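Here is coords34.csv, consisting of CSV, C-alpha atoms and all ligand atoms:
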chain,number,residue,atom,x,y,z
A,1,MET,CA,4.3,-2.9,25.3
A,2,ARG,CA,8.1,-3.1,25.6
A,3,ILE,CA,9.5,-3.7,29.0
A,4,GLY,CA,11.8,-1.0,30.3
A,5,THR,CA,10.1,2.0,28.7
A,6,SER,CA,8.6,4.7,30.8
A,7,SER,CA,4.9,5.2,31.1
A,8,ASP,CA,5.2,8.4,29.1
A,9,ASP,CA,6.8,6.5,26.2
A,10,VAL,CA,3.9,4.0,26.3
A,11,ARG,CA,1.3,6.7,26.4
A,12,ARG,CA,2.9,8.5,23.4
A,13,ARG,CA,3.1,5.3,21.4
A,14,ASN,CA,-0.6,4.5,22.2
A,15,LEU,CA,-1.7,8.0,21.2
A,16,SER,CA,0.1,7.5,17.9
A,17,ALA,CA,-1.6,4.1,17.3
A,18,VAL,CA,-5.0,5.5,18.0
A,19,LEU,CA,-4.6,8.7,15.9
A,20,THR,CA,-3.1,6.7,13.0
A,21,LEU,CA,-6.1,4.3,13.1
A,22,VAL,CA,-8.6,7.2,13.2
A,23,HIS,CA,-6.7,8.9,10.3
A,24,ARG,CA,-6.6,5.8,8.1
A,25,THR,CA,-10.2,4.6,8.7
A,26,ARG,CA,-11.6,8.1,8.5
A,27,THR,CA,-14.6,7.1,10.7
A,28,THR,CA,-14.4,4.6,13.5
A,29,THR,CA,-15.8,3.9,16.9
A,30,ARG,CA,-14.2,3.8,20.3
A,31,ALA,CA,-15.2,0.1,20.5
A,32,GLU,CA,-13.4,-0.6,17.2
A,33,LEU,CA,-10.3,1.3,18.4
A,34,THR,CA,-10.3,-0.9,21.6
A,35,ARG,CA,-10.6,-4.0,19.5
A,36,ARG,CA,-7.8,-3.1,17.0
A,37,THR,CA,-5.3,-1.7,19.5
A,38,GLY,CA,-5.8,-4.4,22.1
A,39,LEU,CA,-5.8,-1.8,24.8
A,40,SER,CA,-8.4,-1.6,27.6
A,41,ARG,CA,-11.7,0.3,27.1
A,42,SER,CA,-10.8,2.9,29.8
A,43,THR,CA,-7.3,3.4,28.2
A,44,VAL,CA,-8.8,4.1,24.8
A,45,LYS,CA,-11.4,6.4,26.3
A,46,ASP,CA,-8.6,8.5,28.0
A,47,LEU,CA,-6.5,8.5,24.8
A,48,VAL,CA,-9.4,9.6,22.6
A,49,ALA,CA,-10.2,12.3,25.2
A,50,GLU,CA,-6.6,13.5,25.0
A,51,LEU,CA,-6.7,13.6,21.2
A,52,VAL,CA,-10.1,15.5,21.4
A,53,ASP,CA,-8.5,18.1,23.8
A,54,ALA,CA,-5.6,18.5,21.4
A,55,GLY,CA,-8.1,19.3,18.6
A,56,LEU,CA,-6.9,16.3,16.5
A,57,VAL,CA,-10.1,14.1,16.6
A,58,GLU,CA,-13.8,14.7,17.1
A,59,GLU,CA,-16.0,12.3,19.1
A,60,THR,CA,-19.8,12.1,18.7
A,61,ARG,CA,-22.4,9.9,20.2
A,62,PRO,CA,-24.5,8.2,17.5
A,63,ALA,CA,-28.2,8.8,17.4
A,64,GLY,CA,-30.5,6.1,18.7
A,65,GLY,CA,-30.2,3.6,21.5
A,66,PRO,CA,-30.5,4.3,25.2
A,67,ALA,CA,-28.6,7.4,26.6
A,68,SER,CA,-26.6,5.2,29.0
A,69,GLY,CA,-26.1,1.6,30.1
A,70,VAL,CA,-26.2,-1.7,28.2
A,71,GLY,CA,-26.8,-1.5,24.4
A,72,ARG,CA,-25.6,2.1,24.2
A,73,PRO,CA,-23.8,2.5,20.8
A,74,SER,CA,-20.1,3.2,21.0
A,75,PRO,CA,-19.1,6.9,20.4
A,76,VAL,CA,-18.0,7.6,16.8
A,77,VAL,CA,-14.5,9.0,16.4
A,78,ARG,CA,-13.4,11.0,13.3
A,79,PRO,CA,-10.3,13.0,12.4
A,80,SER,CA,-10.6,16.7,12.8
A,81,ARG,CA,-11.2,18.5,9.5
A,82,ARG,CA,-9.3,21.5,10.9
A,83,VAL,CA,-6.0,19.7,11.1
A,84,LEU,CA,-4.5,20.3,7.6
A,85,ALA,CA,-1.5,19.5,5.5
A,86,VAL,CA,-0.4,21.3,2.4
A,87,ALA,CA,0.4,19.2,-0.7
A,88,VAL,CA,2.5,20.6,-3.5
A,89,ASN,CA,3.2,19.0,-6.8
A,90,PRO,CA,5.4,20.8,-9.3
A,91,GLU,CA,5.1,19.6,-13.0
A,92,VAL,CA,6.5,20.9,-16.3
A,93,ASP,CA,3.4,23.0,-16.9
A,94,ALA,CA,1.9,23.8,-13.5
A,95,ILE,CA,2.3,23.9,-9.8
A,96,THR,CA,-0.6,22.2,-8.0
A,97,VAL,CA,-1.2,23.1,-4.3
A,98,ALA,CA,-3.9,21.4,-2.2
A,99,LEU,CA,-5.1,21.5,1.4
A,100,VAL,CA,-5.7,18.0,2.7
A,101,ALA,CA,-7.4,17.3,6.1
A,102,LEU,CA,-6.4,14.7,8.5
A,103,GLY,CA,-8.1,11.5,7.2
A,104,GLY,CA,-6.7,12.1,3.8
A,105,GLU,CA,-9.6,14.2,2.5
A,106,VAL,CA,-8.7,16.8,-0.1
A,107,VAL,CA,-10.4,20.1,0.9
A,108,THR,CA,-9.1,22.5,-1.8
A,109,VAL,CA,-7.0,22.2,-4.9
A,110,ARG,CA,-5.4,25.1,-6.8
A,111,ARG,CA,-3.6,24.3,-10.1
A,112,VAL,CA,-1.5,27.3,-11.2
A,113,PRO,CA,-0.4,26.9,-14.8
A,114,THR,CA,3.1,28.2,-15.6
A,115,PRO,CA,4.1,29.7,-19.0
A,116,THR,CA,7.5,27.9,-18.9
A,117,VAL,CA,8.9,25.0,-17.0
A,118,PRO,CA,9.1,26.2,-13.4
A,119,THR,CA,12.5,26.5,-11.7
A,120,ALA,CA,12.7,25.6,-8.0
A,121,ALA,CA,12.5,29.3,-7.2
A,122,ASP,CA,9.4,29.6,-9.3
A,123,MET,CA,7.9,26.6,-7.4
A,124,VAL,CA,8.7,28.2,-4.0
A,125,ARG,CA,7.2,31.6,-5.0
A,126,ILE,CA,4.0,30.2,-6.5
A,127,ALA,CA,3.5,27.6,-3.7
A,128,THR,CA,4.0,30.3,-1.0
A,129,ALA,CA,1.6,32.8,-2.6
A,130,THR,CA,-1.0,30.1,-3.1
A,131,ILE,CA,-0.7,28.8,0.5
A,132,ASP,CA,-1.0,32.4,1.8
A,133,ARG,CA,-4.3,32.8,-0.2
A,134,LEU,CA,-5.6,29.5,1.0
A,135,ARG,CA,-4.8,30.3,4.6
A,136,VAL,CA,-7.0,33.4,4.5
A,137,GLY,CA,-10.1,31.4,3.8
A,138,LEU,CA,-9.6,28.8,6.5
A,139,PRO,CA,-12.2,28.5,9.3
A,140,ALA,CA,-11.2,29.7,12.8
A,141,GLY,CA,-9.3,27.1,14.7
A,142,SER,CA,-7.7,25.5,11.6
A,143,ALA,CA,-4.0,24.6,11.7
A,144,ILE,CA,-1.6,23.7,8.9
A,145,THR,CA,0.9,21.1,10.3
A,146,SER,CA,3.4,21.0,7.4
A,147,ILE,CA,4.0,20.7,3.7
A,148,GLY,CA,4.4,17.5,1.6
A,149,LEU,CA,6.1,18.0,-1.7
A,150,ALA,CA,5.7,15.4,-4.4
A,151,VAL,CA,8.4,15.8,-7.1
A,152,PRO,CA,8.8,14.1,-10.4
A,153,GLY,CA,12.4,13.1,-9.9
A,154,LEU,CA,15.0,11.6,-7.6
A,155,VAL,CA,14.5,13.0,-4.2
A,156,HIS,CA,17.0,12.4,-1.4
A,157,ALA,CA,14.5,11.8,1.3
A,158,PRO,CA,16.3,12.7,4.5
A,159,GLY,CA,17.3,16.2,3.3
A,160,SER,CA,14.2,16.8,1.2
A,161,THR,CA,16.7,17.6,-1.6
A,162,VAL,CA,16.0,17.0,-5.3
A,163,GLN,CA,19.0,15.2,-6.7
A,164,LEU,CA,17.6,15.2,-10.2
A,165,ALA,CA,14.2,16.1,-11.7
A,166,PRO,CA,15.1,15.8,-15.4
A,167,HIS,CA,12.0,17.2,-16.9
A,168,LEU,CA,12.0,20.2,-14.6
A,169,GLY,CA,15.7,20.7,-15.1
A,170,TRP,CA,16.4,20.7,-11.4
A,171,HIS,CA,19.8,19.4,-10.1
A,172,ASP,CA,20.7,19.3,-6.5
A,173,GLU,CA,17.9,21.7,-5.4
A,174,ARG,CA,17.4,22.1,-1.7
A,175,VAL,CA,13.6,22.4,-2.2
A,176,GLY,CA,12.7,21.5,1.3
A,177,GLU,CA,14.9,24.1,2.9
A,178,LEU,CA,13.8,26.8,0.4
A,179,LEU,CA,10.1,26.2,0.8
A,180,SER,CA,10.3,25.9,4.6
A,181,THR,CA,12.1,29.2,4.9
A,182,ALA,CA,9.5,30.9,2.7
A,183,THR,CA,6.5,29.5,4.4
A,184,GLU,CA,7.8,28.9,8.0
A,185,LEU,CA,6.4,25.4,7.8
A,186,PRO,CA,8.2,22.1,8.0
A,187,VAL,CA,8.6,20.6,4.5
A,188,PHE,CA,9.0,16.9,3.6
A,189,ALA,CA,9.7,16.0,-0.1
A,190,ALA,CA,9.6,12.7,-1.9
A,191,ASN,CA,9.3,11.2,-5.3
A,192,ASP,CA,5.7,11.7,-6.7
A,193,ALA,CA,5.1,8.0,-7.6
A,194,ASN,CA,6.4,6.9,-4.2
A,195,VAL,CA,3.9,9.1,-2.4
A,196,GLY,CA,1.2,8.0,-4.9
A,197,ALA,CA,1.9,4.4,-3.9
A,198,VAL,CA,1.4,5.3,-0.2
A,199,ALA,CA,-1.9,7.0,-1.0
A,200,GLU,CA,-3.3,4.2,-3.1
A,201,HIS,CA,-2.1,1.7,-0.5
A,202,LEU,CA,-3.7,3.4,2.5
A,203,PHE,CA,-6.8,5.1,0.9
A,204,GLY,CA,-7.3,3.7,-2.6
A,205,GLY,CA,-9.9,1.2,-1.4
A,206,HIS,CA,-8.0,-1.8,-2.9
A,207,PRO,CA,-8.3,-5.1,-1.2
A,208,GLN,CA,-5.0,-7.0,-0.7
A,209,ALA,CA,-2.8,-3.9,-1.3
A,210,ASP,CA,0.1,-4.9,1.0
A,211,HIS,CA,2.1,-6.2,-2.0
A,212,MET,CA,1.5,-3.5,-4.6
A,213,VAL,CA,3.1,-1.6,-7.5
A,214,TYR,CA,1.8,1.9,-8.2
A,215,VAL,CA,2.8,3.3,-11.6
A,216,ASN,CA,2.2,7.0,-12.3
A,217,GLY,CA,2.1,8.7,-15.7
A,218,GLY,CA,2.5,12.4,-15.4
A,219,ALA,CA,3.4,15.4,-17.7
A,220,SER,CA,7.0,14.7,-16.5
A,221,GLY,CA,7.2,11.0,-17.4
A,222,ILE,CA,6.6,7.7,-15.7
A,223,GLY,CA,7.5,6.7,-12.1
A,224,ALA,CA,6.6,3.9,-9.8
A,225,GLY,CA,6.4,3.1,-6.1
A,226,PHE,CA,6.6,-0.4,-4.7
A,227,VAL,CA,4.8,-1.3,-1.5
A,228,VAL,CA,6.3,-4.5,0.0
A,229,ALA,CA,4.6,-6.2,3.0
A,230,GLY,CA,2.7,-2.9,3.7
A,231,GLU,CA,5.8,-0.7,3.6
A,232,LEU,CA,7.1,1.6,0.8
A,233,LEU,CA,10.3,0.3,-0.7
A,234,GLY,CA,12.6,3.3,-0.5
A,235,GLY,CA,16.0,1.8,-1.5
A,236,ALA,CA,19.3,3.0,0.0
A,237,ASP,CA,18.7,6.7,-0.8
A,238,GLY,CA,15.0,6.9,-1.5
A,239,TYR,CA,15.5,6.4,-5.2
A,240,ALA,CA,13.7,3.0,-5.6
A,241,GLY,CA,11.0,2.6,-8.2
A,242,GLU,CA,12.4,4.0,-11.4
A,243,LEU,CA,10.3,1.7,-13.6
A,244,GLY,CA,10.1,4.5,-16.2
A,245,HIS,CA,13.7,3.8,-17.1
A,246,THR,CA,13.4,0.0,-17.8
A,247,TYR,CA,14.0,-1.1,-21.4
A,248,VAL,CA,10.8,-1.9,-23.3
A,249,GLY,CA,12.2,-2.0,-26.9
A,250,GLY,CA,12.3,0.8,-29.4
A,251,THR,CA,15.2,3.2,-30.3
A,252,LYS,CA,14.3,6.6,-28.9
A,253,ALA,CA,17.0,8.2,-26.8
A,254,CYS,CA,16.0,8.9,-23.2
A,255,HIS,CA,17.3,11.9,-21.1
A,256,CYS,CA,18.7,9.3,-18.7
A,257,GLY,CA,21.2,8.2,-21.3
A,258,ALA,CA,19.6,4.9,-22.2
A,259,ILE,CA,17.4,4.1,-25.2
A,260,GLY,CA,13.9,2.6,-25.4
A,261,CYS,CA,12.9,3.5,-21.8
A,262,LEU,CA,9.3,3.0,-20.8
A,263,GLU,CA,8.8,6.7,-20.3
A,264,THR,CA,10.1,7.6,-23.8
A,265,GLU,CA,7.9,4.9,-25.5
A,266,VAL,CA,4.7,5.4,-23.5
A,267,THR,CA,3.7,9.1,-23.4
A,268,GLN,CA,0.8,11.2,-22.6
A,269,ALA,CA,0.1,11.9,-26.3
A,270,LEU,CA,-2.0,8.8,-26.7
A,271,SER,CA,-4.0,8.3,-29.9
A,272,SER,CA,-6.2,5.2,-30.5
A,273,VAL,CA,-3.7,4.0,-33.1
A,274,SER,CA,-0.8,4.1,-30.6
A,275,LEU,CA,-2.7,2.9,-27.6
A,276,ASP,CA,-2.3,-0.8,-28.4
A,277,ASP,CA,1.4,-0.4,-29.2
A,278,GLN,CA,1.9,1.5,-25.9
A,279,ALA,CA,0.0,-1.1,-24.0
A,280,ARG,CA,2.4,-3.7,-25.4
A,281,ARG,CA,5.4,-1.7,-24.2
A,282,LEU,CA,3.8,-1.0,-20.8
A,283,GLY,CA,3.2,-4.8,-20.5
A,284,ILE,CA,6.9,-5.5,-20.9
A,285,ALA,CA,7.8,-3.2,-17.9
A,286,LEU,CA,4.9,-4.6,-15.8
A,287,GLY,CA,5.9,-8.2,-16.6
A,288,GLY,CA,9.4,-7.5,-15.3
A,289,ALA,CA,8.0,-5.9,-12.2
A,290,ILE,CA,5.8,-8.9,-11.6
A,291,ASN,CA,8.7,-11.3,-11.9
A,292,VAL,CA,10.9,-9.2,-9.5
A,293,MET,CA,8.3,-8.1,-6.9
A,294,ASN,CA,5.5,-10.7,-7.0
A,295,PRO,CA,2.9,-8.1,-6.3
A,296,ARG,CA,-0.8,-8.9,-5.7
A,297,LEU,CA,-1.9,-5.6,-7.2
A,298,ILE,CA,-0.7,-3.1,-9.9
A,299,VAL,CA,-2.3,0.3,-9.8
A,300,LEU,CA,-2.0,2.6,-12.8
A,301,GLY,CA,-2.4,6.3,-12.1
A,302,GLY,CA,-2.3,9.6,-14.1
A,303,PHE,CA,-2.6,9.2,-17.8
A,304,LEU,CA,-1.8,5.4,-17.4
A,305,ARG,CA,-5.3,5.0,-16.1
A,306,VAL,CA,-6.5,4.6,-19.7
A,307,PHE,CA,-4.8,1.2,-20.2
A,308,PRO,CA,-6.9,-1.0,-17.9
A,309,GLU,CA,-10.0,1.0,-19.1
A,310,ARG,CA,-9.4,1.0,-22.9
A,311,ALA,CA,-6.7,-1.5,-23.8
A,312,ALA,CA,-7.0,-4.2,-21.1
A,313,ASP,CA,-6.8,-7.2,-23.5
A,314,THR,CA,-3.6,-6.0,-25.2
A,315,LEU,CA,-2.0,-5.1,-21.9
A,316,HIS,CA,-2.8,-8.4,-20.3
A,317,ALA,CA,-1.6,-10.3,-23.3
A,318,ALA,CA,1.7,-8.4,-23.2
A,319,VAL,CA,2.1,-8.9,-19.4
A,320,ALA,CA,1.5,-12.7,-20.0
A,321,ARG,CA,4.3,-12.8,-22.6
A,322,HIS,CA,6.8,-11.0,-20.3
A,323,SER,CA,6.1,-12.6,-16.9
A,324,MET,CA,6.2,-16.1,-15.3
A,325,ALA,CA,2.9,-17.9,-14.7
A,326,GLY,CA,3.5,-18.3,-11.0
A,327,PRO,CA,3.8,-14.6,-9.9
A,328,ARG,CA,1.4,-13.5,-12.7
A,329,ALA,CA,-1.4,-15.9,-11.5
A,330,SER,CA,-2.7,-13.7,-8.7
A,331,VAL,CA,-1.9,-10.2,-9.8
A,332,ARG,CA,-4.7,-7.7,-10.7
A,333,ILE,CA,-4.1,-4.6,-12.8
A,334,VAL,CA,-6.4,-1.7,-12.0
A,335,ALA,CA,-6.8,2.1,-12.4
A,336,ALA,CA,-6.0,4.3,-9.5
A,337,GLY,CA,-8.8,4.4,-6.9
A,338,LEU,CA,-8.2,8.0,-5.9
A,339,ASP,CA,-8.4,9.4,-9.4
A,340,SER,CA,-6.6,12.7,-9.7
A,341,GLU,CA,-6.2,13.1,-6.0
A,342,THR,CA,-3.7,10.3,-5.6
A,343,LEU,CA,-0.5,12.5,-5.5
A,344,MET,CA,-2.1,15.2,-3.3
A,345,ILE,CA,-3.2,12.7,-0.7
A,346,GLY,CA,0.2,11.0,-0.8
A,347,ALA,CA,2.1,14.2,-0.4
A,348,ALA,CA,-0.1,15.1,2.6
A,349,GLU,CA,0.7,11.7,4.1
A,350,LEU,CA,4.3,12.8,4.2
A,351,ALA,CA,3.4,16.0,5.9
A,352,PHE,CA,1.2,14.2,8.5
A,353,GLY,CA,4.0,11.7,9.3
A,354,PRO,CA,5.5,13.4,12.3
A,355,LEU,CA,2.1,14.2,13.8
A,356,LEU,CA,0.9,10.6,13.5
A,357,ALA,CA,4.2,9.3,14.9
A,358,ASP,CA,4.0,11.5,18.0
A,359,PRO,CA,0.8,13.5,18.5
A,360,ALA,CA,1.8,14.6,22.0
A,361,GLY,CA,5.3,15.8,20.9
A,362,GLN,CA,3.9,17.7,17.9
A,363,ARG,CA,1.4,19.4,20.2
A,364,GLU,CA,4.1,20.4,22.7
A,365,ALA,CA,6.2,21.7,19.8
A,366,ALA,CA,3.3,23.8,18.5
A,367,ILE,CA,2.7,25.2,22.0
A,368,GLY,CA,6.4,25.8,22.7
A,401,ZN,ZN,15.5,6.5,-19.4
I'd like the structure from this file rewritten - as structure tokens, please.
Ligand SMILES: [Zn+2]
Amino acid sequence: MRIGTSSDDVRRRNLSAVLTLVHRTRTTTRAELTRRTGLSRSTVKDLVAELVDAGLVEETRPAGGPASGVGRPSPVVRPSRRVLAVAVNPEVDAITVALVALGGEVVTVRRVPTPTVPTAADMVRIATATIDRLRVGLPAGSAITSIGLAVPGLVHAPGSTVQLAPHLGWHDERVGELLSTATELPVFAANDANVGAVAEHLFGGHPQADHMVYVNGGASGIGAGFVVAGELLGGADGYAGELGHTYVGGTKACHCGAIGCLETEVTQALSSVSLDDQARRLGIALGGAINVMNPRLIVLGGFLRVFPERAADTLHAAVARHSMAGPRASVRIVAAGLDSETLMIGAAELAFGPLLADPAGQREAAIG
């Protein structure tokens, strides 16, 4: 606790700590919350009761053991499945919309194929109509907090504005504002690979994920997100992680103006003949990332999942040629733990951010 803060500030911060732990662990106990927060048992009991009253968590008493007294098992605390975020991911060929419950559980996914590359206005129209349909089927008492938008491009995080999404042809699109006006929900946008990195870091089930690189291969190219000491590396404007535009050899012109970029040389159209060649080029980029970031873990998502599964030897040999022995020694290269749900869970994490940071304030805002 900081000295000089009011008791209300302390209570709000403690509520945030408890709700965040419940969200990230998905199932925990009051005893475990007491241990991990360092707060007293009675304080945690009161905080959990407040979160239960707000409809944010559910508390149940496990079966077995005496009904009271010594040896009584600690109550189980879970995030409420009725607290939802919407995740939206525009791609060159589809708009995907998902409902994700607190705790990072994907409840429903709708992929709406588009006949042409969607404009920002198309995305807003399709996402809004899909959200309206999903809302109809929700159980009573459900609440959608906000929308997280995962965009394959450079997203100026504070304004939720897409500076450039080259494959979508979006330039300076105020997507956050447009989608928020249409749905009357708050919208938070970020780069798709950056939110994927957050999802794999928090929910991917990877040990030692505090120094991690997530690389995503999507229909709109390759992006990456870097987790450094447990935090996403945003860069000055939120543009960090453009590993797809590092030079990996080759002569193909890239839309970014350079030649031989990772995303022009390693593409979704993988044949078994090209797989080894593409694994070698991916290894060049990953070797560079290992030298620069010294990660413990590299997670490959989207179509890049095939490399650790089907071309591991070639990939590791290329990484060995293009990185130094020291930082390479402890790094593991694995496929994404969340499979196709990585981006949806990551986008929802953006949307849950304000609620997790201040559960009491969000509740007051909802009531007011
Ligand atoms: Zn490029």
Neighbours of ligand ZN 401 (chain A) within 12 Å, counting only C-alpha atoms and all ligand atoms, as a ChimeraX atom specification?
/A:153,166-167,221-223,242-266
Glu200 in chain A proximity check over A:Thr60, A:Ser40, A:Thr342, A:Thr28, using only C-alpha atoms: winner is A:Thr342
| query | Which residue out of A:Gly38, A:Gly353, A:Pro207, A:Gly159 has the minimum interatomic distance to Val331 in chain A when all atoms listed in the file are used? | reply |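 The answer is A:Pro207, which sits nearest to Val331 in chain A.
CA of Met212 in chain A is positioned 8.4 Å from CA of Gly225 in chain A.
Note that the spacing between CA of Val88 in chain A and CA of Leu338 in chain A amounts to 16.7 Å.
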Item to check | One-decimal distance in Å that lies between CA of Leu47 in chain A and CA of Leu15 in chain A | outcome: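 Between these atoms lies a distance of 6.0 Å.
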Could you give me, as a count of residues only, the residues that have an atom at most 12 Å away from the point (-9.9, -2.2, -19.4) in the coordinates of the file, using only C-alpha atoms? 20
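The shell of residues at most 8 Å from Val175 in chain A, with only C-alpha atoms counted and near chain neighbours (fewer than 5 positions) removed, consists of Ala120, Val124, Ser160, Thr161, Val162 and Ala189 of chain A.
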Near Gly302 in chain A, counting all atoms listed in the file, which residues have an atom at most 12 Å away, once you skip same-chain residues fewer than 5 positions from it, shown as a tab-separated table (two decimals) with C-alpha atoms, in the coordinates of the input?
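Written output follows (around17.tsv):
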chain	number	residue	atom	x	y	z
A	192	ASP	CA	5.70	11.70	-6.70
A	193	ALA	CA	5.10	8.00	-7.60
A	196	GLY	CA	1.20	8.00	-4.90
A	214	TYR	CA	1.80	1.90	-8.20
A	215	VAL	CA	2.80	3.30	-11.60
A	216	ASN	CA	2.20	7.00	-12.30
A	217	GLY	CA	2.10	8.70	-15.70
A	218	GLY	CA	2.50	12.40	-15.40
A	219	ALA	CA	3.40	15.40	-17.70
A	220	SER	CA	7.00	14.70	-16.50
A	221	GLY	CA	7.20	11.00	-17.40
A	222	ILE	CA	6.60	7.70	-15.70
A	223	GLY	CA	7.50	6.70	-12.10
A	224	ALA	CA	6.60	3.90	-9.80
A	267	THR	CA	3.70	9.10	-23.40
A	268	GLN	CA	0.80	11.20	-22.60
A	307	PHE	CA	-4.80	1.20	-20.20
A	335	ALA	CA	-6.80	2.10	-12.40
A	336	ALA	CA	-6.00	4.30	-9.50
A	337	GLY	CA	-8.80	4.40	-6.90
A	338	LEU	CA	-8.20	8.00	-5.90
A	339	ASP	CA	-8.40	9.40	-9.40
A	340	SER	CA	-6.60	12.70	-9.70
A	341	GLU	CA	-6.20	13.10	-6.00
A	342	THR	CA	-3.70	10.30	-5.60
A	343	LEU	CA	-0.50	12.50	-5.50
### Task
Up to 6 Å from (9.9, 4.0, -3.9) in the file's coordinates: name the residues, counting all atoms listed in the file, as a list in words.
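The distance filter leaves exactly Asn194, Gly225, Phe226, Leu232, Leu233, Gly234, Ala240 and Gly241 of chain A.
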Exercise. Quick one: of A:Gly326, A:Ala98, A:Pro79, A:Phe303, who's nearest to Leu51 in chain A, counting only C-alpha atoms?
Worked result: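 Answer, going by the shortest atom-to-atom distance: A:Pro79.
The residue that comes closest to Glu50 in chain A, out of A:Gly141, A:Leu355, A:Ala63, A:Arg12 and on the basis of all atoms listed in the file, is A:Arg12.
Minimum atom-to-atom distance to Pro113 in chain A, evaluated using only C-alpha atoms, belongs to A:Ile95 out of A:Ala143, A:Ala31, A:Ile95, A:Ala129.
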- Could you tell me which of A:Gly346, A:Thr34, A:Val228, A:Ile284 comes closest to Ala85 in chain A if we count all atoms listed in the file?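 The answer is A:Gly346, which sits nearest to Ala85 in chain A.
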- Could you name the residues that touch Leu21 in chain A at 10 Å or less, counting all atoms listed in the file, but leaving out those on the same chain fewer than 3 positions away, as a list of chain:residue names? A:Leu15, A:Ser16, A:Ala17, A:Val18, A:Arg24, A:Thr25, A:Arg26, A:Thr27, A:Thr28, A:Glu32, A:Leu33, A:Arg36, A:Thr37, A:Arg78, A:Pro79, A:Gly103, A:Leu356
Residues within 12 Å of Gly137 in chain A, only C-alpha atoms, excluding chain neighbours under 6 positions, as a count of residues only: 5
